[in-house]
Each structure stands twice: as C-alpha cells, then as structure tokens.
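**Student:** This is the structure I have questions about; it appears just below.
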Amino acid sequence: MSKQVDLLKGTIFSTLTALALPIMGSQLMQMAYNLTDMLWIGRIGVDAMAAVGAVGLFMWLSNGLAILGRMGGQVLVAQNIGSGDKARAGRFAAGALQIGAALALGYTLLLTLASGPLIGFFKLNSPQVTADARMYLILIALGMPFSFLNQVLVALITATGNSRTPFLAMVWGLGINMILDPLLIFGIRGFLQWGVAGAALATTLAQGVVFFILCRYALQDQYLFPHVHLLQRTSGAELRQLLRISGPAAALNVVFPLVSMVLARMVAAFGDSAVAVQKVGSQVESLSWMTADGFAAATNSFVGQNYGAGNLQRAKKGFYVSFSLMSLWGIFCTLLLVFAAGPIFQIFIPDLEVLPMGVDYLVIIGISELFMCWEILIEGAYAGFGHTLAPSIISSVLTVARIPLAAALSVTALGLSGIWWSITLSTIIKGIILTAMFFLFLRKIVRRNSIC
C-alpha cells in the first residue's frame with residue numbers, strides 16, 4: 001500500500017487532513033521532546049531550567065537556518081511532482097540536502113568553538129547556570145547534523161504526499177528520548193549522572209535514531225529518492241531557484257531567534273527565574289505554533305502540487321479549509337492558556353514564588369494565539385505558490401519592532417510583563433496584516449489566471 005497521499009484528487013478536506021494529521025502529530029512529538037526535557041529538568045531546579053532556556057534560543061536559530069534547504073526543497077519538489085517531472089524534483093531534493101549538510105557542518109563548528117562567548121551574551125547571573133548552559137550547548141551542537149538533515153528529509157518526504165513515515169520516525173525518537181532522559185539526567189540504573197547535560201545527550205541520541213529511520217526509508221523509496229543523486233553537482237540555476245524561495249523564509253526564521261536572544265537578555269535583567277519562566281512558557285505555547293506549523297507544511301505541499309498541476313481552484317479551496325481549521329485551533333489555544341495558565345505552568349515548575357510570573361506570561365501570550373496561527377499558516381500557503389518575499393519582509397520588520405517596544409514597556413509599571421506584551425502586540429498586528437495581504441494576493445492570482 002502506498003504511503004503517499006494523492007494531493008491532486010479526492011475530497012479536499014479528507015485529502016488535506018490525511019496529509020496534515022501525521023505532520024501535526026510529528027510536530028506534537030517534537031513538542032513532547034522538549035516538554036519531556038522540561039519535566040525532568042524542572043525537577044533539578046529553576047537554575048537548571050534557566051541554563052536550558054538560554055541554549056534553547058540557539059536550537060531555535062538552527063531551525064531557521066535549516067529552512068534555507070528545507071523550504072525551497074519542499075516547494076519545488078511538490079510543484080515538479082505535480083507537473084509530472086520527478087527527475088527535476090530529484091535534482092532539487094539533492095540540492096536541498098547539500099545545502100542542509102553544509103549549514104549543519106558550519107553551525108556545529110560555530111557552537112562548539114564559540115560556546116563561551118555565545119552563552120556569555122545572555123549575562124546570566126549564576127556561574128553554575130553559565131557552566132551548565134555551556135556544556136548543554138556543546139552536546140546539543142554534536143546533534144546538529146542530525147537536526148538539520150532530519151528537517152530537510154521530512155520536508156522532502158512530505159512534499160511527495162507521505163507524512164506517515166516522518167511521524168513514525170518522530171515517535172521512535174520521542175520514545176528513545178523519554179527513556180534516556182531520566183537515566184542520563186539522574187544517573188538511574190547504573191548510568192552516570194549527567195544532570196542538565198544528560199538532557200542534551202538524550203536529545204542528540206534520539207535525533208540520531210530519527211535520522212537513521214528517515215535514511216532507511218529514503219534507500220527503500222521508489223517514488224522520489226531514486227531520482228536523488230547526492231554527489232551530483234547542483235546547477236547554478238537550480239540553486240538560485242532553491243534560494244529564491246528559501247532565502248526570505250530563512251531570513252525571517254533567523255530574525256525570530258536573534259530578536260528573542262535580545263529579549264532574553266532583557267528578561268535576564270529580572271533574574272534567572274525570569275529566564276526559566278520564558279523557557280517553560282514558550283514550550284507550553286508551542287502547543288499552538290507547532291500544530292499550526294504542521295498544518296502550514298501540509299498546506300504548502302497541497303498548494304504546491306495542485307498549483308504545479310495547474311489546478312488553482314483546488315489549491316485555493318485547500319487553503320480555505322486549512323484557514324478555517326487553524327482559526328478554530330487558535331481560539332481553543334487562547335482559551336486554554338488564558339483560563340488554565342496556573343495549573344499548566346505548575347506541571348513544569350511547582351515553585352510557588354515563580355508561579356505569578358509564569359501565569360502572567362501564559363495569559364498575555366495566550367491572547368495572540370489566533371493571530372499567530374494565521375501568520376504561520378499564511379506563510380506556508382504563500383510558499384506553496386512560490387512567493388515568500390513579501391510575507392517574510394512584513395514578519396521580519398514587525399518582529400524586530402519587538403525590541404524597542406519591549407525596551408519602552410519594560411521600564412513602565414508593567415516591568416517584565418511589558419516584554420511579554422511586546423510579543424503579543426506584534427503578533428496580533430502581523431496576523432491581521434498578513435491575512436489581509438494573502439486574501440488580496442489570492443484575488444489577484446485568480447484574476448490573472450482567468451485572463452490567461
């Protein structure tokens with residue numbers, strides 16, 4: 001039985017959800033990776049959580065860099081499969097993997113060789129927190145080749161209409177991570193007690209397992225990967241096409257963590273506990289944005305294949321279905337974070353002194369969940385049509401605006417909460433502007449298609 005979902009035929013809702021649900025499951029598995037770490041590290045203490053929080057921003061930055069290979073590969077593979085040219089799809093897939101491998105090597109060297117200055121940027125208050133963060137960063141860096149290439153492989157496999165294999169790979173990775181976390185963090189059953197570093201080692205080993213599973217699938221696949229020749233040089237024209245699509249999206253997703261690093265430095269001025277709150281809060285919030293990101297990836301492939309096949313009407317209807325579902329999801333996440341902030345935060349840090357800061361974060365950020373879901377989904381839909389520049393510019397400008405806004409609000413009576421409000425307000429504005437832009441874009445492209 002084929003693992004590919006035929007995105008060009010069938011009812012739109014069932015086709016799209018058949019592709020999207022495993023992707024969303026994979027994203028939730030990734031979230032569970034992080035939450036598992038948080039649950040165990042939170043038992044060590046707030047200082048340990050602060051150390052992991054600082055490093056988490058470099059992991060986020062790696063996801064942005066990986067988009068340079070992932071996004072263009074997914075879009076161009078989907079469009080060329082839709083048009084029936086698998087040989088060309090294979091060449092773009094090979095180019096995406098080559099870009100991913102080069103970036104992985106460079107980023108690994110950067111993190112390992114410059115771990116001291118990178119952690120020092122945050123000006124953490126405790127020497128022990130700084131030392132733990134540096135060790136955590138070095139061990140995470142060793143897994144960066146797996147992390148980069150896993151993201152590219154998942155995107156390429158998803159572009160073919162197969163989202164089940166990446167999901168199963170993530171399930172295996174999560175299982176390994178859940179088993180290794182307590183063993184390596186606390187030294188259970190004869191294992192060495194690594195503390196915070198144990199969580200990093202568990203994550204790196206789990207990513208290695210995911211990479212093995214995805215590579216095994218690629219070697220057995222008869223749909224796309226027989227056309228992928230990794231040692232074949234990517235032509236200049238094909239490389240430019242990949243980077244034209246990936247470049248703006250990658251720049252946006254690099255801007256996000258860089259801005260967050262500056263904000264984290266502002267947060268650190270309120271104490272290491274505030275850094276821990278931001279880390280836990282962002283992981284809880286990932287329930288909404290990882291799910292939206294998963295549906296955006298499905299929409300990307302659906303729109304890409306149908307647009308490549310010349311079926312604009314089906315591509316447009318697929319977006320409308322996704323938009324409706326993600327709107328409902330965003331509203332649900334807002335209600336969850338606003339009205340259940342206290343019980344949710346206490347799962348990860350039961351310290352009553354830290355609880356008020358955690359509740360403030362989740363309630364303020366929770367207000368913007370619907371608009372964040374819109375933003376993420378629309379960026380995926382734009383990419384499916386091969387247009388990433390305009391949404392990336394809008395998102396980047398408004399994301400950078402968080403820095404002066406946070407600086408202004410944090411010196412008022414709002415204090416630390418002013419930083420959280422800078423994130424929420426910019427997210428709401430981005431969601432509204434990008435939604436309006438995309439509906440105008442759809443109207444324009446439909447009109448142009450009808451004239452042709």
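Labels for the structure tokens follow display order: chains A, B, ..., residues from 1 in each chain, ligands from 1.
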Write down as JSON, numbers by chain the residues belonging to segment 96-225 of chain A that are assigned alpha helix (DSSP H) by DSSP computed on the backbone.
**Tutor:** {"A": [96, 97, 98, 99, 100, 101, 102, 103, 104, 105, 106, 107, 108, 109, 110, 111, 112, 113, 115, 116, 117, 118, 119, 120, 127, 128, 129, 130, 131, 132, 133, 134, 135, 136, 137, 138, 139, 140, 141, 142, 144, 145, 146, 147, 148, 149, 150, 151, 152, 153, 154, 155, 156, 157, 158, 159, 164, 165, 166, 167, 168, 169, 170, 171, 172, 173, 174, 175, 176, 177, 178, 179, 180, 181, 182, 183, 184, 185, 186, 196, 197, 198, 199, 200, 201, 202, 203, 204, 205, 206, 207, 208, 209, 210, 211, 212, 213, 214, 215, 216, 217, 218, 219, 220]}
**Student:** Next, dump the selected residues to file, keeping only C-alpha atoms, as a JSON list (two decimals), in the first residue's frame.
**Tutor:**
[["chain", "number", "residue", "atom", "x", "y", "z"],
["A", 96, "ALA", "CA", 18.27, 20.90, -0.65],
["A", 97, "LEU", "CA", 20.15, 18.10, 1.13],
["A", 98, "GLN", "CA", 23.51, 19.51, 0.05],
["A", 99, "ILE", "CA", 22.58, 22.93, 1.43],
["A", 100, "GLY", "CA", 21.40, 21.33, 4.68],
["A", 101, "ALA", "CA", 24.61, 19.35, 5.12],
["A", 102, "ALA", "CA", 26.84, 22.40, 4.54],
["A", 103, "LEU", "CA", 24.86, 24.51, 7.00],
["A", 104, "ALA", "CA", 24.87, 21.74, 9.61],
["A", 105, "LEU", "CA", 28.66, 21.44, 9.49],
["A", 106, "GLY", "CA", 29.20, 25.20, 9.76],
["A", 107, "TYR", "CA", 26.73, 25.66, 12.61],
["A", 108, "THR", "CA", 28.14, 22.73, 14.57],
["A", 109, "LEU", "CA", 31.64, 24.22, 14.39],
["A", 110, "LEU", "CA", 30.33, 27.63, 15.46],
["A", 111, "LEU", "CA", 28.50, 26.32, 18.53],
["A", 112, "THR", "CA", 31.35, 24.13, 19.73],
["A", 113, "LEU", "CA", 34.21, 26.57, 19.13],
["A", 115, "SER", "CA", 30.27, 28.19, 23.19],
["A", 116, "GLY", "CA", 31.77, 30.50, 25.83],
["A", 117, "PRO", "CA", 31.07, 33.86, 24.12],
["A", 118, "LEU", "CA", 27.67, 32.67, 22.88],
["A", 119, "ILE", "CA", 26.44, 31.82, 26.39],
["A", 120, "GLY", "CA", 28.18, 34.88, 27.81],
["A", 127, "PRO", "CA", 28.33, 30.98, 37.34],
["A", 128, "GLN", "CA", 26.83, 27.48, 37.74],
["A", 129, "VAL", "CA", 23.97, 28.30, 35.35],
["A", 130, "THR", "CA", 26.51, 29.63, 32.84],
["A", 131, "ALA", "CA", 28.65, 26.48, 33.11],
["A", 132, "ASP", "CA", 25.63, 24.18, 32.73],
["A", 133, "ALA", "CA", 24.40, 26.15, 29.73],
["A", 134, "ARG", "CA", 27.78, 25.92, 28.01],
["A", 135, "MET", "CA", 28.01, 22.13, 28.48],
["A", 136, "TYR", "CA", 24.42, 21.72, 27.29],
["A", 137, "LEU", "CA", 25.19, 23.80, 24.17],
["A", 138, "ILE", "CA", 28.27, 21.73, 23.23],
["A", 139, "LEU", "CA", 26.39, 18.43, 23.50],
["A", 140, "ILE", "CA", 23.42, 19.77, 21.54],
["A", 141, "ALA", "CA", 25.83, 21.00, 18.85],
["A", 142, "LEU", "CA", 27.01, 17.43, 18.26],
["A", 144, "MET", "CA", 23.09, 19.47, 14.76],
["A", 145, "PRO", "CA", 23.91, 17.44, 11.61],
["A", 146, "PHE", "CA", 21.04, 15.10, 12.51],
["A", 147, "SER", "CA", 18.72, 18.02, 13.29],
["A", 148, "PHE", "CA", 19.40, 19.90, 10.03],
["A", 149, "LEU", "CA", 19.19, 16.87, 7.75],
["A", 150, "ASN", "CA", 16.14, 15.47, 9.53],
["A", 151, "GLN", "CA", 14.24, 18.67, 8.81],
["A", 152, "VAL", "CA", 15.17, 18.60, 5.12],
["A", 153, "LEU", "CA", 14.34, 14.91, 4.77],
["A", 154, "VAL", "CA", 10.97, 15.37, 6.48],
["A", 155, "ALA", "CA", 10.14, 18.26, 4.13],
["A", 156, "LEU", "CA", 11.09, 16.29, 1.01],
["A", 157, "ILE", "CA", 9.16, 13.19, 2.08],
["A", 158, "THR", "CA", 6.12, 15.33, 2.96],
["A", 159, "ALA", "CA", 6.27, 17.03, -0.46],
["A", 164, "ARG", "CA", 3.24, 8.96, 7.87],
["A", 165, "THR", "CA", 6.92, 7.99, 7.71],
["A", 166, "PRO", "CA", 8.18, 11.23, 9.35],
["A", 167, "PHE", "CA", 5.54, 10.79, 12.05],
["A", 168, "LEU", "CA", 6.62, 7.23, 12.83],
["A", 169, "ALA", "CA", 10.27, 8.33, 12.90],
["A", 170, "MET", "CA", 9.39, 11.04, 15.42],
["A", 171, "VAL", "CA", 7.50, 8.53, 17.58],
["A", 172, "TRP", "CA", 10.63, 6.37, 17.77],
["A", 173, "GLY", "CA", 12.77, 9.39, 18.55],
["A", 174, "LEU", "CA", 10.43, 10.51, 21.31],
["A", 175, "GLY", "CA", 10.42, 7.03, 22.83],
["A", 176, "ILE", "CA", 14.22, 6.97, 22.95],
["A", 177, "ASN", "CA", 14.31, 10.48, 24.44],
["A", 178, "MET", "CA", 11.76, 9.64, 27.14],
["A", 179, "ILE", "CA", 13.72, 6.55, 28.18],
["A", 180, "LEU", "CA", 17.13, 8.22, 28.18],
["A", 181, "ASP", "CA", 16.18, 11.48, 29.92],
["A", 182, "PRO", "CA", 15.79, 10.19, 33.49],
["A", 183, "LEU", "CA", 18.61, 7.66, 33.04],
["A", 184, "LEU", "CA", 21.15, 10.27, 31.94],
["A", 185, "ILE", "CA", 19.93, 13.26, 33.99],
["A", 186, "PHE", "CA", 19.71, 11.47, 37.34],
["A", 196, "VAL", "CA", 21.44, 19.15, 32.66],
["A", 197, "ALA", "CA", 23.93, 17.77, 30.13],
["A", 198, "GLY", "CA", 22.09, 14.42, 30.24],
["A", 199, "ALA", "CA", 19.04, 16.00, 28.64],
["A", 200, "ALA", "CA", 21.20, 17.31, 25.78],
["A", 201, "LEU", "CA", 22.81, 13.91, 25.25],
["A", 202, "ALA", "CA", 19.42, 12.17, 25.24],
["A", 203, "THR", "CA", 18.11, 14.61, 22.62],
["A", 204, "THR", "CA", 21.18, 14.15, 20.41],
["A", 205, "LEU", "CA", 20.91, 10.34, 20.52],
["A", 206, "ALA", "CA", 17.18, 10.48, 19.78],
["A", 207, "GLN", "CA", 17.78, 12.74, 16.76],
["A", 208, "GLY", "CA", 20.30, 10.18, 15.52],
["A", 209, "VAL", "CA", 17.64, 7.47, 15.67],
["A", 210, "VAL", "CA", 15.22, 9.63, 13.66],
["A", 211, "PHE", "CA", 17.93, 10.25, 11.06],
["A", 212, "PHE", "CA", 18.59, 6.51, 10.71],
["A", 213, "ILE", "CA", 14.87, 5.78, 10.16],
["A", 214, "LEU", "CA", 14.46, 8.52, 7.55],
["A", 215, "CYS", "CA", 17.59, 7.41, 5.68],
["A", 216, "ARG", "CA", 16.40, 3.81, 5.68],
["A", 217, "TYR", "CA", 13.10, 4.94, 4.15],
["A", 218, "ALA", "CA", 14.92, 7.00, 1.51],
["A", 219, "LEU", "CA", 17.02, 3.99, 0.47],
["A", 220, "GLN", "CA", 13.88, 1.85, 0.04]]
**Student:** Given only C-alpha atoms as the basis, pick out the residue of A:Ala401, A:Val354, A:Ala381, A:Ala276 nearest to Gly56 of chain A.
**Tutor:** A:Ala276
**Student:** So which one's closest to Ala292 of chain A, A:Glu379, A:Asp6, A:Glu353, A:Asp360? Using only C-alpha atoms, please.
**Tutor:**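 Of the candidates, the smallest distance to Ala292 of chain A is held by A:Glu379.
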**Student:** Write out as a JSON list (two decimals) with C-alpha atoms, in the first residue's frame the residues lying within 10 Å of Phe256 of chain A, counting only C-alpha atoms and excluding same-chain residues fewer than 6 positions away.
**Tutor:**
[["chain", "number", "residue", "atom", "x", "y", "z"],
["A", 57, "LEU", "CA", 17.41, 30.01, 21.53],
["A", 60, "TRP", "CA", 15.62, 27.75, 17.54],
["A", 61, "LEU", "CA", 18.17, 29.59, 15.41],
["A", 64, "GLY", "CA", 15.69, 28.98, 10.98],
["A", 250, "ALA", "CA", 15.12, 31.52, 6.26],
["A", 395, "SER", "CA", 7.02, 39.47, 9.60],
["A", 396, "SER", "CA", 10.69, 40.42, 9.96],
["A", 399, "THR", "CA", 9.36, 41.02, 14.81],
["A", 400, "VAL", "CA", 12.34, 43.40, 15.06]]
**Student:** With only C-alpha atoms as the counted atoms, please give the residues lying no more than 12 Å from Ser235 of chain A, apart from itself and same-chain residues fewer than 3 positions off, as a PyMOL selection string.
**Tutor:** chain A and resi 88+91-92+94-95+232+238-242
**Student:** Suppose we keep all heavy atoms; can you now write the selection as an mmCIF file, in the first residue's frame?
**Tutor:**
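Saved to again31.cif:
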data_model
loop_
_atom_site.group_PDB
_atom_site.id
_atom_site.type_symbol
_atom_site.label_atom_id
_atom_site.label_comp_id
_atom_site.auth_asym_id
_atom_site.auth_seq_id
_atom_site.Cartn_x
_atom_site.Cartn_y
_atom_site.Cartn_z
ATOM 1 N N ARG A 88 13.399 16.193 -12.293
ATOM 2 C CA ARG A 88 13.736 17.551 -11.851
ATOM 3 C C ARG A 88 13.478 17.706 -10.350
ATOM 4 O O ARG A 88 14.237 18.382 -9.645
ATOM 5 C CB ARG A 88 12.909 18.568 -12.642
ATOM 6 C CG ARG A 88 13.410 20.000 -12.523
ATOM 7 C CD ARG A 88 12.867 20.835 -13.676
ATOM 8 N NE ARG A 88 13.443 22.181 -13.652
ATOM 9 C CZ ARG A 88 12.814 23.259 -13.200
ATOM 10 N NH1 ARG A 88 11.573 23.151 -12.745
ATOM 11 N NH2 ARG A 88 13.393 24.439 -13.210
ATOM 12 N N ARG A 91 16.460 16.446 -8.563
ATOM 13 C CA ARG A 91 17.609 17.357 -8.560
ATOM 14 C C ARG A 91 17.454 18.446 -7.496
ATOM 15 O O ARG A 91 18.409 18.812 -6.817
ATOM 16 C CB ARG A 91 17.781 17.983 -9.950
ATOM 17 C CG ARG A 91 18.183 16.984 -11.034
ATOM 18 C CD ARG A 91 18.760 17.681 -12.259
ATOM 19 N NE ARG A 91 17.810 18.597 -12.891
ATOM 20 C CZ ARG A 91 16.923 18.236 -13.798
ATOM 21 N NH1 ARG A 91 16.843 16.963 -14.187
ATOM 22 N NH2 ARG A 91 16.112 19.128 -14.350
ATOM 23 N N PHE A 92 16.249 18.950 -7.352
ATOM 24 C CA PHE A 92 16.007 19.957 -6.313
ATOM 25 C C PHE A 92 16.152 19.334 -4.917
ATOM 26 O O PHE A 92 16.657 19.980 -3.993
ATOM 27 C CB PHE A 92 14.618 20.577 -6.474
ATOM 28 C CG PHE A 92 14.552 21.607 -7.565
ATOM 29 C CD1 PHE A 92 13.681 21.453 -8.630
ATOM 30 C CD2 PHE A 92 15.358 22.743 -7.529
ATOM 31 C CE1 PHE A 92 13.599 22.411 -9.631
ATOM 32 C CE2 PHE A 92 15.297 23.705 -8.531
ATOM 33 C CZ PHE A 92 14.415 23.542 -9.583
ATOM 34 N N ALA A 94 18.139 16.845 -4.081
ATOM 35 C CA ALA A 94 19.571 16.688 -3.831
ATOM 36 C C ALA A 94 20.205 18.019 -3.440
ATOM 37 O O ALA A 94 21.023 18.091 -2.511
ATOM 38 C CB ALA A 94 20.261 16.123 -5.075
ATOM 39 N N GLY A 95 19.822 19.092 -4.144
ATOM 40 C CA GLY A 95 20.353 20.407 -3.815
ATOM 41 C C GLY A 95 19.974 20.837 -2.406
ATOM 42 O O GLY A 95 20.795 21.416 -1.673
ATOM 43 N N GLN A 232 25.816 14.512 -7.247
ATOM 44 C CA GLN A 232 25.675 15.295 -8.472
ATOM 45 C C GLN A 232 25.657 16.787 -8.135
ATOM 46 O O GLN A 232 24.960 17.226 -7.224
ATOM 47 C CB GLN A 232 24.373 14.915 -9.181
ATOM 48 C CG GLN A 232 24.115 15.677 -10.470
ATOM 49 C CD GLN A 232 22.821 15.220 -11.131
ATOM 50 O OE1 GLN A 232 22.498 14.040 -11.143
ATOM 51 N NE2 GLN A 232 22.059 16.164 -11.662
ATOM 52 N N GLU A 238 19.394 26.018 -10.687
ATOM 53 C CA GLU A 238 18.568 25.305 -9.707
ATOM 54 C C GLU A 238 18.865 25.784 -8.291
ATOM 55 O O GLU A 238 17.951 25.911 -7.462
ATOM 56 C CB GLU A 238 18.806 23.795 -9.841
ATOM 57 C CG GLU A 238 18.206 23.230 -11.115
ATOM 58 C CD GLU A 238 18.673 21.815 -11.414
ATOM 59 O OE1 GLU A 238 19.700 21.374 -10.840
ATOM 60 O OE2 GLU A 238 18.014 21.136 -12.224
ATOM 61 N N LEU A 239 20.132 26.065 -8.011
ATOM 62 C CA LEU A 239 20.485 26.582 -6.693
ATOM 63 C C LEU A 239 19.831 27.941 -6.451
ATOM 64 O O LEU A 239 19.321 28.215 -5.351
ATOM 65 C CB LEU A 239 22.010 26.692 -6.574
ATOM 66 C CG LEU A 239 22.562 27.101 -5.202
ATOM 67 C CD1 LEU A 239 22.176 26.087 -4.143
ATOM 68 C CD2 LEU A 239 24.077 27.259 -5.261
ATOM 69 N N ARG A 240 19.826 28.777 -7.471
ATOM 70 C CA ARG A 240 19.192 30.091 -7.334
ATOM 71 C C ARG A 240 17.688 29.963 -7.097
ATOM 72 O O ARG A 240 17.101 30.727 -6.322
ATOM 73 C CB ARG A 240 19.464 30.946 -8.579
ATOM 74 C CG ARG A 240 20.882 31.522 -8.633
ATOM 75 C CD ARG A 240 21.013 32.582 -9.731
ATOM 76 N NE ARG A 240 20.841 32.019 -11.068
ATOM 77 C CZ ARG A 240 21.811 31.488 -11.786
ATOM 78 N NH1 ARG A 240 23.046 31.432 -11.298
ATOM 79 N NH2 ARG A 240 21.579 31.019 -13.003
ATOM 80 N N GLN A 241 17.054 28.993 -7.757
ATOM 81 C CA GLN A 241 15.631 28.768 -7.535
ATOM 82 C C GLN A 241 15.351 28.334 -6.101
ATOM 83 O O GLN A 241 14.401 28.804 -5.461
ATOM 84 C CB GLN A 241 15.101 27.703 -8.508
ATOM 85 C CG GLN A 241 14.784 28.240 -9.898
ATOM 86 C CD GLN A 241 14.096 27.180 -10.741
ATOM 87 O OE1 GLN A 241 14.749 26.345 -11.352
ATOM 88 N NE2 GLN A 241 12.788 27.221 -10.771
ATOM 89 N N LEU A 242 16.185 27.426 -5.588
ATOM 90 C CA LEU A 242 16.036 26.981 -4.204
ATOM 91 C C LEU A 242 16.175 28.147 -3.238
ATOM 92 O O LEU A 242 15.355 28.327 -2.322
ATOM 93 C CB LEU A 242 17.072 25.900 -3.871
ATOM 94 C CG LEU A 242 16.822 24.498 -4.411
ATOM 95 C CD1 LEU A 242 18.084 23.647 -4.298
ATOM 96 C CD2 LEU A 242 15.670 23.834 -3.643
#
**Student:** Contacts of segment 364-374 of chain A at 8 Å or less, counting only C-alpha atoms, minus same-chain residues fewer than 6 places along, as a PyMOL selection string?
**Tutor:** chain A and resi 285+288-289+292+323+326-327+329-331+333-338+417+420-421+423-425+427-432+434-435
**Student:** When you look at segment 14-17 of chain A with a cut-off of 8 Å (counting only C-alpha atoms), what residues show up, excluding the ones that are within fewer than 5 positions of it in the same chain? I need them as a PyMOL selection string.
**Tutor:** chain A and resi 5-7+9+298-299+302+318
**Student:** Keeping only C-alpha atoms, take the residues you just selected and write them out as a short mmCIF file (atom, residue, chain, number, x, y, z; two decimals), in the first residue's frame.
**Tutor:**
data_model
loop_
_atom_site.label_atom_id
_atom_site.label_comp_id
_atom_site.auth_asym_id
_atom_site.auth_seq_id
_atom_site.Cartn_x
_atom_site.Cartn_y
_atom_site.Cartn_z
CA VAL A 5 -1.49 10.72 -0.27
CA ASP A 6 -2.63 11.76 -3.75
CA LEU A 7 -2.96 15.52 -3.28
CA LYS A 9 -7.52 14.03 -6.35
CA ALA A 298 0.65 20.28 4.71
CA THR A 299 -0.91 23.33 3.07
CA PHE A 302 -1.07 20.65 -1.13
CA GLY A 318 -7.35 23.76 0.18
#
**Student:** For a quick check of understanding, using only C-alpha atoms, which of A:Met71, A:Phe438, A:Tyr361, A:Gly90 has the smallest distance to Tyr320 of chain A?
**Tutor:**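 Of the candidates, the smallest distance to Tyr320 of chain A is held by A:Phe438.
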**Student:** Grab the atom CA of Leu440 of chain A to atom CA of Leu68 of chain A distance for me, in Å with one decimal place.
**Tutor:** 26.9 Å
**Student:** When you look at Asp85 of chain A with a cut-off of 12 Å (counting only C-alpha atoms), what residues show up, excluding the ones that are within fewer than 4 positions of it in the same chain? I need them as a ChimeraX atom specification.
**Tutor:** /A:76-81,89-92,223-224,227,305,308-309
**Student:** What gap, in Å, lies between atom CA of Gly69 of chain A and atom CA of Ala249 of chain A?
**Tutor:**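 The value is 10.5 Å.
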**Student:** Quick one: distance from atom CA of Ser260 of chain A to atom CA of Val75 of chain A in Å, one decimal?
**Tutor:**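 Those two atoms sit 27.6 Å apart.
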**Student:** Ranking A:Leu263, A:Ala297, A:Met357, A:Leu287 by minimum distance to Leu414 of chain A and counting only C-alpha atoms, which one comes first?
**Tutor:**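 Smallest separation from Leu414 of chain A among the options: A:Met357.
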